[in-house]
file start18.tsv (TSV, C-alpha atoms)
chain	number	residue	atom	x	y	z
A	115	MET	CA	-29.93	90.46	-60.07
A	116	ASN	CA	-26.33	91.51	-60.12
A	117	ILE	CA	-24.09	89.79	-62.71
A	118	TRP	CA	-21.58	88.94	-59.97
A	119	LEU	CA	-24.24	87.14	-57.95
A	120	ILE	CA	-25.36	85.23	-61.06
A	121	MET	CA	-21.77	84.17	-61.73
A	122	LEU	CA	-21.23	83.16	-58.12
A	123	ILE	CA	-24.37	80.99	-57.95
A	124	GLY	CA	-23.69	79.59	-61.44
A	125	GLY	CA	-20.12	78.80	-60.39
A	126	LEU	CA	-21.23	77.11	-57.17
A	127	ILE	CA	-23.75	74.97	-59.06
A	128	THR	CA	-21.10	74.00	-61.61
A	129	PHE	CA	-18.63	73.12	-58.87
A	130	GLY	CA	-21.34	71.21	-57.01
A	131	MET	CA	-21.99	69.01	-60.03
A	132	ARG	CA	-18.30	68.33	-60.57
A	133	PHE	CA	-17.83	67.55	-56.88
A	134	SER	CA	-21.10	65.64	-56.35
A	135	LEU	CA	-20.24	62.05	-57.19
A	136	ILE	CA	-16.55	62.32	-56.33
A	137	PHE	CA	-17.75	63.30	-52.86
A	138	LEU	CA	-20.61	60.77	-52.69
A	139	PHE	CA	-18.61	57.84	-54.04
A	140	GLY	CA	-20.01	54.57	-52.73
A	141	LYS	CA	-23.13	56.25	-51.34
A	142	PHE	CA	-25.00	57.24	-54.48
A	143	GLU	CA	-24.98	56.28	-58.13
A	144	ILE	CA	-26.58	57.98	-61.10
A	145	PRO	CA	-29.71	56.07	-62.19
A	146	GLU	CA	-29.45	54.54	-65.66
A	147	THR	CA	-32.21	56.73	-67.17
A	148	MET	CA	-30.55	59.91	-65.97
A	149	ARG	CA	-27.21	58.71	-67.30
A	150	LYS	CA	-28.83	58.27	-70.71
A	151	ALA	CA	-30.60	61.62	-70.52
A	152	LEU	CA	-27.36	63.47	-69.74
A	153	HIS	CA	-25.97	62.53	-73.15
A	154	TYR	CA	-28.72	64.54	-74.85
A	155	VAL	CA	-28.14	67.75	-72.89
A	156	PRO	CA	-25.55	69.27	-75.26
A	157	PRO	CA	-27.39	68.70	-78.58
A	158	ALA	CA	-30.70	69.83	-77.06
A	159	VAL	CA	-29.49	73.01	-75.34
A	160	LEU	CA	-27.20	74.13	-78.12
A	161	SER	CA	-29.77	73.57	-80.88
A	162	ALA	CA	-32.35	75.46	-78.84
A	163	ILE	CA	-30.00	78.44	-78.96
A	164	ILE	CA	-28.77	78.08	-82.54
A	165	LEU	CA	-32.09	77.92	-84.42
A	166	PRO	CA	-33.68	81.12	-83.05
A	167	GLU	CA	-30.34	82.89	-83.55
A	168	LEU	CA	-30.46	82.01	-87.25
A	169	LEU	CA	-34.19	82.39	-87.90
A	170	TYR	CA	-35.36	85.34	-85.78
A	171	ARG	CA	-34.48	88.84	-86.87
A	172	SER	CA	-35.68	91.55	-84.47
A	173	ASN	CA	-38.34	89.25	-83.01
A	174	GLN	CA	-39.71	88.25	-86.42
A	175	LEU	CA	-39.39	84.78	-87.94
A	176	ASP	CA	-37.51	85.31	-91.23
A	177	MET	CA	-37.22	82.27	-93.51
A	178	SER	CA	-36.55	84.29	-96.68
A	179	LEU	CA	-33.40	84.20	-98.81
A	180	GLY	CA	-32.71	87.71	-97.61
A	181	ASN	CA	-31.89	86.34	-94.14
A	182	THR	CA	-28.11	86.41	-94.36
A	183	ARG	CA	-27.60	84.78	-90.94
A	184	LEU	CA	-29.70	81.80	-91.95
A	185	LEU	CA	-27.72	81.33	-95.16
A	186	ALA	CA	-24.36	81.75	-93.42
A	187	GLY	CA	-25.54	79.36	-90.69
A	188	ILE	CA	-26.47	76.70	-93.28
A	189	ILE	CA	-23.01	77.06	-94.84
A	190	ALA	CA	-21.43	76.64	-91.37
A	191	ILE	CA	-23.56	73.54	-90.69
A	192	LEU	CA	-22.37	71.98	-93.96
A	193	VAL	CA	-18.73	72.83	-93.18
A	194	ALA	CA	-19.11	71.37	-89.68
A	195	TRP	CA	-20.73	68.22	-91.06
A	196	PHE	CA	-18.05	67.53	-93.66
A	197	THR	CA	-14.89	68.74	-91.88
A	198	LYS	CA	-15.76	68.30	-88.16
A	199	ASN	CA	-13.29	71.15	-87.67
A	200	THR	CA	-14.49	73.74	-85.15
A	201	LEU	CA	-12.30	76.67	-86.13
A	202	LEU	CA	-12.89	76.12	-89.85
A	203	THR	CA	-16.65	76.11	-89.15
A	204	ILE	CA	-16.54	79.42	-87.27
A	205	LEU	CA	-14.28	81.00	-89.87
A	206	ALA	CA	-16.44	79.82	-92.79
A	207	GLY	CA	-19.61	81.13	-91.11
A	208	MET	CA	-18.12	84.54	-90.30
A	209	ILE	CA	-16.71	85.01	-93.81
A	210	ALA	CA	-19.97	83.81	-95.39
A	211	LEU	CA	-21.94	86.34	-93.35
A	212	LEU	CA	-19.60	89.20	-94.28
A	213	LEU	CA	-19.75	88.32	-97.99
A	214	LEU	CA	-23.52	87.77	-98.02
A	215	GLN	CA	-24.07	91.11	-96.38
A	216	LEU	CA	-21.91	92.79	-99.01
A	217	PHE	CA	-24.11	91.31	-101.75
A	218	ILE	CA	-27.55	91.11	-100.19
A	219	GLY	CA	-27.40	93.84	-97.57
A	220	THR	CA	-28.86	94.16	-94.05
B	125	MET	CA	7.87	64.15	-54.79
B	126	ASN	CA	9.81	63.61	-58.00
B	127	GLU	CA	7.32	60.99	-59.12
B	128	ALA	CA	4.51	63.47	-58.38
B	129	ARG	CA	6.13	66.16	-60.50
B	130	LYS	CA	6.74	63.74	-63.34
B	131	THR	CA	3.10	62.61	-63.32
B	132	PHE	CA	1.95	66.25	-63.22
B	133	TRP	CA	3.95	66.99	-66.38
B	134	ASP	CA	2.62	63.83	-68.03
B	135	GLY	CA	-0.82	65.34	-67.51
B	136	VAL	CA	0.24	68.68	-68.97
B	137	ARG	CA	1.75	66.93	-71.99
B	138	ALA	CA	-1.40	64.84	-72.58
B	139	GLU	CA	-3.46	68.02	-72.33
B	140	PHE	CA	-1.33	70.00	-74.76
B	141	PRO	CA	-3.16	69.21	-78.04
B	142	LEU	CA	-6.43	70.16	-76.32
B	143	LEU	CA	-4.92	73.46	-75.15
B	144	VAL	CA	-4.17	74.40	-78.74
B	145	GLY	CA	-7.85	73.93	-79.56
B	146	VAL	CA	-9.09	75.69	-76.42
B	147	PHE	CA	-7.01	78.84	-76.83
B	148	PRO	CA	-9.00	80.39	-79.70
B	149	PHE	CA	-12.24	79.51	-77.86
B	150	GLY	CA	-11.08	81.43	-74.82
B	151	MET	CA	-10.34	84.39	-77.04
B	152	ILE	CA	-13.73	84.22	-78.73
B	153	TYR	CA	-15.40	84.00	-75.31
B	154	GLY	CA	-13.49	87.04	-74.01
B	155	ALA	CA	-14.38	89.12	-77.04
B	156	LEU	CA	-18.04	87.99	-77.00
B	157	ALA	CA	-18.54	88.64	-73.29
B	158	LEU	CA	-17.28	92.19	-73.68
B	159	ASN	CA	-19.43	92.59	-76.79
B	160	ALA	CA	-22.48	91.34	-74.82
B	161	GLY	CA	-22.06	94.22	-72.39
B	162	LEU	CA	-20.24	92.56	-69.48
B	163	SER	CA	-17.55	94.63	-67.81
B	164	THR	CA	-13.91	93.75	-68.38
B	165	SER	CA	-13.55	92.39	-64.86
B	166	ALA	CA	-16.79	90.37	-64.99
B	167	SER	CA	-15.82	88.92	-68.39
B	168	GLN	CA	-12.44	87.86	-67.02
B	169	MET	CA	-13.62	86.63	-63.63
B	170	MET	CA	-16.35	84.45	-65.12
B	171	SER	CA	-13.52	82.32	-66.57
B	172	SER	CA	-12.35	81.44	-63.07
B	173	ILE	CA	-15.65	81.57	-61.13
B	174	VAL	CA	-17.74	79.47	-63.54
B	175	PHE	CA	-14.84	77.98	-65.54
B	176	ALA	CA	-17.01	76.12	-68.09
B	177	GLY	CA	-16.79	77.12	-71.75
B	178	SER	CA	-20.27	76.63	-73.16
B	179	ALA	CA	-21.99	77.85	-69.97
B	180	GLN	CA	-19.94	81.04	-70.15
B	181	PHE	CA	-20.88	81.65	-73.79
B	182	ILE	CA	-24.54	81.13	-72.96
B	183	THR	CA	-24.40	83.36	-69.88
B	184	ALA	CA	-22.89	86.18	-71.93
B	185	LYS	CA	-25.64	85.77	-74.52
B	186	LEU	CA	-28.47	85.67	-71.96
B	187	VAL	CA	-27.10	88.69	-70.10
B	188	SER	CA	-27.07	90.68	-73.34
B	189	ASP	CA	-30.69	89.57	-73.95
B	190	ALA	CA	-31.56	90.81	-70.44
B	191	ALA	CA	-32.90	87.38	-69.42
B	192	PRO	CA	-33.90	87.13	-65.74
B	193	ALA	CA	-31.27	85.86	-63.31
B	194	LEU	CA	-33.22	82.72	-62.43
B	195	VAL	CA	-33.41	81.64	-66.09
B	196	ILE	CA	-29.68	82.26	-66.55
B	197	ILE	CA	-28.83	80.22	-63.45
B	198	LEU	CA	-31.20	77.41	-64.46
B	199	THR	CA	-29.65	77.33	-67.93
B	200	ILE	CA	-26.12	77.14	-66.48
B	201	ALA	CA	-27.29	74.23	-64.35
B	202	VAL	CA	-28.81	72.33	-67.29
B	203	VAL	CA	-25.79	72.94	-69.53
B	204	ASN	CA	-23.39	71.74	-66.84
B	205	LEU	CA	-25.36	68.65	-65.81
B	206	ARG	CA	-22.99	66.52	-67.87
B	207	HIS	CA	-20.24	67.17	-65.33
B	208	MET	CA	-22.02	64.76	-62.99
B	209	LEU	CA	-21.15	62.02	-65.46
B	210	TYR	CA	-17.48	62.93	-65.31
B	211	SER	CA	-17.65	63.14	-61.55
B	212	ALA	CA	-19.20	59.66	-61.37
B	213	SER	CA	-16.70	58.23	-63.79
B	214	LEU	CA	-13.59	59.58	-62.00
B	215	ALA	CA	-14.87	58.99	-58.46
B	216	PRO	CA	-13.47	55.45	-58.02
B	217	TYR	CA	-9.98	56.67	-58.93
B	218	LEU	CA	-10.06	59.56	-56.47
B	219	LYS	CA	-11.74	57.81	-53.52
B	220	ASN	CA	-8.61	57.64	-51.33
B	221	LEU	CA	-7.73	61.33	-51.59
B	222	SER	CA	-8.18	63.93	-48.87
B	223	LEU	CA	-11.15	66.31	-49.04
B	224	LYS	CA	-8.80	69.14	-50.07
B	225	TRP	CA	-7.61	67.22	-53.10
B	226	LYS	CA	-11.17	66.23	-54.01
B	227	VAL	CA	-12.28	69.87	-53.89
B	228	LEU	CA	-9.32	71.08	-55.96
B	229	LEU	CA	-9.65	68.38	-58.62
B	230	SER	CA	-13.43	68.87	-58.81
B	231	TYR	CA	-12.95	72.58	-59.47
B	232	LEU	CA	-10.59	71.70	-62.34
B	233	LEU	CA	-12.85	68.98	-63.79
B	234	THR	CA	-13.78	70.16	-67.30
B	235	ASP	CA	-14.57	68.19	-70.47
B	236	GLU	CA	-11.00	68.69	-71.63
B	237	ALA	CA	-9.37	67.62	-68.35
B	238	TYR	CA	-11.66	64.61	-68.04
B	239	ALA	CA	-10.90	63.10	-71.45
B	240	PRO	CA	-7.13	62.41	-71.12
B	241	SER	CA	-7.38	61.65	-67.37
B	242	ILE	CA	-9.96	58.88	-67.61
B	243	LEU	CA	-7.89	57.22	-70.35
B	244	LYS	CA	-4.81	57.41	-68.12
B	245	PHE	CA	-6.64	56.11	-65.03
B	246	GLU	CA	-8.19	53.24	-66.94
B	247	ALA	CA	-4.76	52.29	-68.22
B	248	THR	CA	-2.78	52.55	-64.95
B	249	GLY	CA	-5.41	52.27	-62.20
B	250	ILE	CA	-4.82	53.99	-58.87
B	251	THR	CA	-1.19	54.66	-58.06
B	252	PRO	CA	0.13	56.83	-55.19
B	253	PHE	CA	0.60	59.75	-57.59
B	254	SER	CA	-2.01	59.16	-60.31
B	255	HIS	CA	-4.12	62.15	-59.21
B	256	TRP	CA	-1.22	64.47	-60.13
B	257	PHE	CA	-1.98	63.63	-63.76
B	258	LEU	CA	-5.47	65.13	-63.47
B	259	LEU	CA	-3.97	68.12	-61.67
B	260	GLY	CA	-1.52	68.65	-64.54
B	261	ALA	CA	-4.23	68.33	-67.20
B	262	GLY	CA	-6.74	70.44	-65.26
B	263	PHE	CA	-4.37	73.18	-64.19
B	264	SER	CA	-2.80	73.65	-67.63
B	265	LEU	CA	-6.29	73.99	-69.09
B	266	TRP	CA	-7.30	76.47	-66.37
B	267	PHE	CA	-4.20	78.58	-66.99
B	268	THR	CA	-4.71	78.56	-70.77
B	269	TRP	CA	-8.37	79.52	-70.33
B	270	GLN	CA	-7.51	82.55	-68.16
B	271	VAL	CA	-4.79	83.80	-70.53
B	272	SER	CA	-6.85	83.31	-73.68
B	273	THR	CA	-9.86	85.06	-72.08
B	274	ALA	CA	-7.65	88.04	-71.22
B	275	LEU	CA	-6.28	88.20	-74.75
B	276	GLY	CA	-9.81	87.96	-76.20
B	277	ILE	CA	-11.00	90.83	-73.99
B	278	PHE	CA	-7.98	92.88	-75.02
B	279	LEU	CA	-8.40	92.25	-78.76
B	280	GLY	CA	-12.21	92.18	-78.69
B	281	ALA	CA	-12.36	95.85	-77.86
B	282	ALA	CA	-10.63	96.55	-81.18
B	283	ILE	CA	-12.94	94.48	-83.43
B	284	PRO	CA	-15.13	96.69	-85.66
B	285	GLU	CA	-18.90	96.63	-85.17
B	286	ASN	CA	-19.75	95.53	-88.73
B	287	TRP	CA	-17.83	92.28	-88.32
B	288	HIS	CA	-20.87	90.95	-86.43
B	289	LEU	CA	-18.84	89.27	-83.73
B	290	ASP	CA	-22.03	88.14	-81.97
B	291	PHE	CA	-22.57	85.69	-84.84
B	292	ALA	CA	-19.54	83.76	-83.55
B	293	LEU	CA	-21.82	82.44	-80.78
B	294	PRO	CA	-24.26	80.37	-82.89
B	295	LEU	CA	-21.31	79.39	-85.09
B	296	THR	CA	-19.37	78.08	-82.09
B	297	PHE	CA	-22.41	76.05	-81.04
B	298	ILE	CA	-22.91	74.72	-84.57
B	299	ALA	CA	-19.29	73.57	-84.53
B	300	MET	CA	-19.94	71.77	-81.23
B	301	VAL	CA	-23.31	70.20	-82.07
B	302	VAL	CA	-23.07	69.04	-85.67
B	303	PRO	CA	-20.19	66.57	-85.24
B	304	ALA	CA	-22.02	65.11	-82.19
B	305	LEU	CA	-25.12	64.19	-84.25
B	306	LYS	CA	-24.00	60.62	-84.77
B	307	ASN	CA	-27.26	58.69	-84.30
B	308	ARG	CA	-31.00	59.07	-84.63
B	309	PRO	CA	-31.82	59.90	-80.98
B	310	ALA	CA	-29.20	62.67	-80.96
B	311	ILE	CA	-30.53	64.14	-84.20
B	312	ALA	CA	-34.12	63.91	-82.90
B	313	ALA	CA	-33.07	65.63	-79.66
B	314	ALA	CA	-31.46	68.48	-81.61
B	315	VAL	CA	-34.32	68.89	-84.10
B	316	SER	CA	-37.11	68.76	-81.51
B	317	ALA	CA	-35.29	71.17	-79.19
B	318	GLY	CA	-34.65	73.54	-82.09
B	319	GLY	CA	-38.27	73.33	-83.25
B	320	ILE	CA	-39.71	74.03	-79.80
B	321	ALA	CA	-37.24	76.88	-79.36
B	322	LEU	CA	-38.61	78.49	-82.53
B	323	LEU	CA	-42.26	77.95	-81.55
B	324	ALA	CA	-41.77	79.06	-77.95
B	325	TYR	CA	-39.52	82.01	-78.80
B	326	GLY	CA	-42.20	84.47	-77.76
B	327	LEU	CA	-42.50	83.11	-74.20
B	328	PRO	CA	-41.40	85.58	-71.53
B	329	PHE	CA	-38.15	85.32	-69.58
B	330	LYS	CA	-36.48	83.17	-72.24
B	331	LEU	CA	-38.44	80.23	-70.80
B	332	GLY	CA	-38.70	78.89	-74.34
B	333	LEU	CA	-35.03	77.94	-74.15
B	334	ILE	CA	-35.50	75.80	-71.06
B	335	LEU	CA	-38.71	74.24	-72.38
B	336	ALA	CA	-36.97	73.43	-75.67
B	337	ALA	CA	-33.90	71.94	-73.98
B	338	LEU	CA	-36.01	69.71	-71.74
B	339	THR	CA	-38.11	68.55	-74.72
B	340	GLY	CA	-34.97	67.61	-76.65
B	341	ILE	CA	-33.52	65.70	-73.69
B	342	VAL	CA	-36.77	63.75	-73.17
B	343	VAL	CA	-37.15	62.96	-76.91
B	344	GLY	CA	-33.55	61.71	-77.18
B	345	THR	CA	-33.83	59.57	-74.04
B	346	ILE	CA	-37.15	57.99	-75.08
B	347	LEU	CA	-35.89	57.18	-78.58
B	348	GLU	CA	-32.72	55.61	-77.20
B	349	GLY	CA	-34.81	53.54	-74.79
B	350	ARG	CA	-36.97	52.27	-77.66
B	351	LYS	CA	-33.96	51.44	-79.76
B	352	SER	CA	-32.27	49.40	-77.03
B	353	GLN	CA	-35.56	47.62	-76.25
B	354	ARG	CA	-35.90	46.61	-79.89
B	355	GLY	CA	-32.29	45.50	-79.77
B	356	THR	CA	-33.01	42.97	-77.05
B	357	LEU	CA	-36.00	41.43	-78.81
call {"tool": "encode", "arguments": {"input": "start18.tsv", "output": "structure tokens"}}
result
Amino acid sequence: MNIWLIMLIGGLITFGMRFSLIFLFGKFEIPETMRKALHYVPPAVLSAIILPELLYRSNQLDMSLGNTRLLAGIIAILVAWFTKNTLLTILAGMIALLLLQLFIGT
Amino acid sequence: MNEARKTFWDGVRAEFPLLVGVFPFGMIYGALALNAGLSTSASQMMSSIVFAGSAQFITAKLVSDAAPALVIILTIAVVNLRHMLYSASLAPYLKNLSLKWKVLLSYLLTDEAYAPSILKFEATGITPFSHWFLLGAGFSLWFTWQVSTALGIFLGAAIPENWHLDFALPLTFIAMVVPALKNRPAIAAAVSAGGIALLAYGLPFKLGLILAALTGIVVGTILEGRKSQRGTL
């Protein structure tokens, strides 16, 4: 499918969710279970993207010390945990990857 | 009208610290989208058509992985589900507005516009001009997002290949997720989703991502339910 069509449908869905309960006010409320579930969407989706990004290299699981992305990712996770600073986390991860690749290669 | 303008600028001012944080994200998105193979115009237009940070990052990534359209659209839907919470939470404060206003404010309803607006509404309640606050917060964020995307596209083209710009994507997500892991259900949701994503990586059409996300959501919800049940005993 065309990227423009994907964006258009994705945009309509996003708008629909933002508009949904403002529009339906008084007629519909989010059930309690769904309200709870919605809180776990960000950690679940984002982790499901992060881990394969760090651990798969060209479709192969790589848990060795030679996996520079895994090491740089662990450094970024530690920086995020201790500083809670988004830009510092991204910067630390990028610099770690560049340095590790200088020393370890690939 | 003066009161409206004043409230609008109150919204812009409340949004300002968030704009400072959003600007570099817009730039990273612009550079990444281009890097993922989207055209300049598609990269830029996604910022106004979809207008949702993490969904845009993920779309760029899935497009570069050649994931099927249906999976991309489903993923955008799952990632943006949380906006229904914001919609529900703001609805009582916007109930008297015309449909036009509701449509406009819904379009501008992002995480960053929601946060200062709900605080303001809870403090002041509904006033004849209170919705201008959300307009100020939402519009200033929208404007910043468009400009920073454009700058990112412009600069992204100049970033050398061996800088591994694509790595900024998992790093951005790490920066978003890790500080949010405040309790056991959230950690369990993240770990189980990550684990399933690794195991199901080989599934076709990137279905592993959706399976993993749903697993994480279910695990987190069940654990929270258990915890609150125990709490009442």
call {"tool": "interface_residues", "arguments": {"input": "start18.tsv", "of": "chain A", "to": "chain B", "cutoff": "8 Å", "atoms": "only C-alpha atoms", "output": "PyMOL selection string"}}
result
chain A and resi 115+117-118+120-129+131-137+139+143-144+147+149-169+183+187+190-191+194-195+198-201+203-204+207-208+212
call {"tool": "atom_distance", "arguments": {"input": "start18.tsv", "atom1": "atom CA of Thr248 of chain B", "atom2": "atom CA of Phe132 of chain B"}}
result
14.6 Å
call {"tool": "residues_around", "arguments": {"input": "start18.tsv", "residues": "Ala210 of chain A", "least_positions_apart": "3", "cutoff": "8 Å", "atoms": "only C-alpha atoms", "output": "list in words"}}
result
Ala186, Ile189, Ala206, Gly207, Leu213 and Leu214 of chain A
call {"tool": "atom_distance", "arguments": {"input": "start18.tsv", "atom1": "atom CA of Asn116 of chain A", "atom2": "atom CA of Gly177 of chain B"}}
result
20.8 Å
call {"tool": "atom_distance", "arguments": {"input": "start18.tsv", "atom1": "atom CA of Ala190 of chain B", "atom2": "atom CA of Ser165 of chain B"}}
result
18.9 Å
call {"tool": "residues_around", "arguments": {"input": "start18.tsv", "residues": "Trp256 of chain B", "least_positions_apart": "2", "cutoff": "10 Å", "atoms": "all atoms listed in the file", "output": "PyMOL selection string"}}
result
chain B and resi 127-136+225+229+241+252-254+258-262
call {"tool": "build_atoms", "arguments": {"input": "start18.tsv", "residues": "segment 151-174 of chain B", "atoms": "N, CA and C atoms", "output": "compact mmCIF listing (two decimals), keeping the file's coordinate frame"}}
result
# COMPACT_ATOMS: atom_id res chain seq x y z
N MET B 151 -10.38 83.04 -76.45
CA MET B 151 -10.34 84.39 -77.04
C MET B 151 -11.71 84.81 -77.54
N ILE B 152 -12.39 83.89 -78.22
CA ILE B 152 -13.73 84.22 -78.73
C ILE B 152 -14.66 84.53 -77.55
N TYR B 153 -14.57 83.72 -76.48
CA TYR B 153 -15.40 84.00 -75.31
C TYR B 153 -15.13 85.40 -74.77
N GLY B 154 -13.85 85.74 -74.58
CA GLY B 154 -13.49 87.04 -74.01
C GLY B 154 -14.07 88.18 -74.83
N ALA B 155 -13.89 88.07 -76.15
CA ALA B 155 -14.38 89.12 -77.04
C ALA B 155 -15.91 89.19 -77.01
N LEU B 156 -16.58 88.03 -77.00
CA LEU B 156 -18.04 87.99 -77.00
C LEU B 156 -18.63 88.55 -75.71
N ALA B 157 -18.01 88.19 -74.57
CA ALA B 157 -18.54 88.64 -73.29
C ALA B 157 -18.51 90.16 -73.21
N LEU B 158 -17.42 90.73 -73.67
CA LEU B 158 -17.28 92.19 -73.68
C LEU B 158 -18.34 92.79 -74.61
N ASN B 159 -18.47 92.17 -75.78
CA ASN B 159 -19.43 92.59 -76.79
C ASN B 159 -20.86 92.50 -76.27
N ALA B 160 -21.13 91.53 -75.37
CA ALA B 160 -22.48 91.34 -74.82
C ALA B 160 -22.79 92.35 -73.72
N GLY B 161 -21.80 93.17 -73.37
CA GLY B 161 -22.06 94.22 -72.39
C GLY B 161 -21.54 93.93 -70.99
N LEU B 162 -20.84 92.82 -70.80
CA LEU B 162 -20.24 92.56 -69.48
C LEU B 162 -19.02 93.46 -69.30
N SER B 163 -18.73 93.82 -68.06
CA SER B 163 -17.55 94.63 -67.81
C SER B 163 -16.30 93.78 -68.03
N THR B 164 -15.17 94.48 -68.18
CA THR B 164 -13.91 93.75 -68.38
C THR B 164 -13.66 92.79 -67.24
N SER B 165 -13.88 93.26 -66.00
CA SER B 165 -13.55 92.39 -64.86
C SER B 165 -14.54 91.23 -64.75
N ALA B 166 -15.82 91.48 -65.04
CA ALA B 166 -16.79 90.37 -64.99
C ALA B 166 -16.48 89.35 -66.08
N SER B 167 -16.15 89.83 -67.30
CA SER B 167 -15.82 88.92 -68.39
C SER B 167 -14.65 88.02 -68.00
N GLN B 168 -13.62 88.62 -67.40
CA GLN B 168 -12.44 87.86 -67.02
C GLN B 168 -12.73 86.92 -65.86
N MET B 169 -13.41 87.44 -64.84
CA MET B 169 -13.62 86.63 -63.63
C MET B 169 -14.56 85.44 -63.88
N MET B 170 -15.46 85.58 -64.85
CA MET B 170 -16.35 84.45 -65.12
C MET B 170 -15.52 83.21 -65.51
N SER B 171 -14.38 83.44 -66.15
CA SER B 171 -13.52 82.32 -66.57
C SER B 171 -12.92 81.57 -65.40
N SER B 172 -12.82 82.22 -64.23
CA SER B 172 -12.35 81.44 -63.07
C SER B 172 -13.48 81.08 -62.12
N ILE B 173 -14.55 81.89 -62.05
CA ILE B 173 -15.65 81.57 -61.13
C ILE B 173 -16.51 80.43 -61.68
N VAL B 174 -16.91 80.53 -62.95
CA VAL B 174 -17.74 79.47 -63.54
C VAL B 174 -16.84 78.42 -64.19
